[in-house]
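Quick notes on the structure that follows.
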Amino acid sequence: MDSRILAIKKKLEAQRQEILTEAEHAITTDLKPERENFPDLSDQATAESDRGFLIRLRGREQMLLKKVDEAIQRIEDGTFGICEGCGEKIPIKRLEARPVTTLCIECKTKQEEDEKLRE
Ligand SMILES: [Zn+2]
């Protein structure tokens with residue numbers, strides 16, 4: 001395996017661990033019993049918006065975790081760095097900057113333009 005790909009894989013694995021640790025921390029914090037005792041209404045509102053934030057954060061973490069997992073899987077399959085749009089190789093510099101990407105810059109730009117048109 002290419003040493004630069006190997007470095008990306010290590011980075012992805014570290015990122016995966018980081019997401020899991022953070023998610024665990026968020027859950028542990030959320031489950032603290034004192035958060036359930038609201039001395040007044042303004043505290044209750046704060047706690048509820050905190051909870052909403054945690055749920056959204058978890059949603060983002062889950063999505064990122066999925067992307068990271070898929071990128072690691074692609075490295076293991078040997079399909080990592082192949083653009084899903086055009087089948088061309090994605091430049092290593094782009095992969096190093098954004099390992100979870102599945103599109104080359106041209107296809108990504110095109111996708112973003114298409115999304116703008118749909119709005
Ligand atoms: Zn492409």
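Order determines the names: the first chain of the structure tokens is A, the second B, and so forth; residues in each chain are numbered 1 upward, and ligands are numbered 1 upward as they are shown.
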Which residues of chain A sit at most 6 Å from ligand 1, using only C-alpha atoms and all ligand atoms? Give each one's shortest atom pair and distance in Å (one decimal place), in chain and ascending residue order, as JSON lines.
{"residue": "A:Cys83", "atom": "CA", "partner": "ligand 1", "partner_atom_place_in_ligand_line": "1 (Zn)", "distance": 4.7}
{"residue": "A:Gly85", "atom": "CA", "partner": "ligand 1", "partner_atom_place_in_ligand_line": "1 (Zn)", "distance": 4.6}
{"residue": "A:Cys86", "atom": "CA", "partner": "ligand 1", "partner_atom_place_in_ligand_line": "1 (Zn)", "distance": 4.1}
{"residue": "A:Glu88", "atom": "CA", "partner": "ligand 1", "partner_atom_place_in_ligand_line": "1 (Zn)", "distance": 5.8}
{"residue": "A:Leu103", "atom": "CA", "partner": "ligand 1", "partner_atom_place_in_ligand_line": "1 (Zn)", "distance": 5.3}
{"residue": "A:Cys104", "atom": "CA", "partner": "ligand 1", "partner_atom_place_in_ligand_line": "1 (Zn)", "distance": 4.3}
{"residue": "A:Glu106", "atom": "CA", "partner": "ligand 1", "partner_atom_place_in_ligand_line": "1 (Zn)", "distance": 5.7}
{"residue": "A:Cys107", "atom": "CA", "partner": "ligand 1", "partner_atom_place_in_ligand_line": "1 (Zn)", "distance": 4.3}
Item to check | CA of Gln17 (chain A) to CA of Lys108 (chain A), distance in Å rounded to a single decimal | outcome: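 So the two atoms, CA of Gln17 (chain A) and CA of Lys108 (chain A), lie 27.3 Å apart.
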Item to check | Nearest-residue call for Gln73 (chain A), choices A:Val100, A:Ala26, A:Ile90, A:Ala7, using only C-alpha atoms | outcome: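 For Gln73 (chain A), the nearest of the candidates is A:Val100.
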Next on the checklist: Under the rule that only C-alpha atoms are counted, which of A:Lys93, A:Arg98, A:Arg16, A:His25 is the nearest residue to Met63 (chain A)?
Outcome noted: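 The answer is A:Arg16, which sits nearest to Met63 (chain A).
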Checklist entry - What is the CA of Thr79 (chain A)-CA of Lys110 (chain A) distance in Å, reported with one decimal? => result 21.7 Å
Item to check | Gap from CA of Ala23 (chain A) to CA of Arg58 (chain A) - Å, one decimal | outcome: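 Computing the Euclidean distance for CA of Ala23 (chain A) and CA of Arg58 (chain A) yields 6.7 Å.
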Checklist entry - Between A:Glu18, A:Glu24, A:Asp114, A:Glu76, which one has atoms that come closest to Leu6 (chain A), using only C-alpha atoms? => result A:Glu76
Checklist outcome for this item: Restricting to only C-alpha atoms, whichever of A:Arg60, A:Arg4, A:Lys89, A:Lys116 is closest to Ile19 (chain A) is A:Arg60
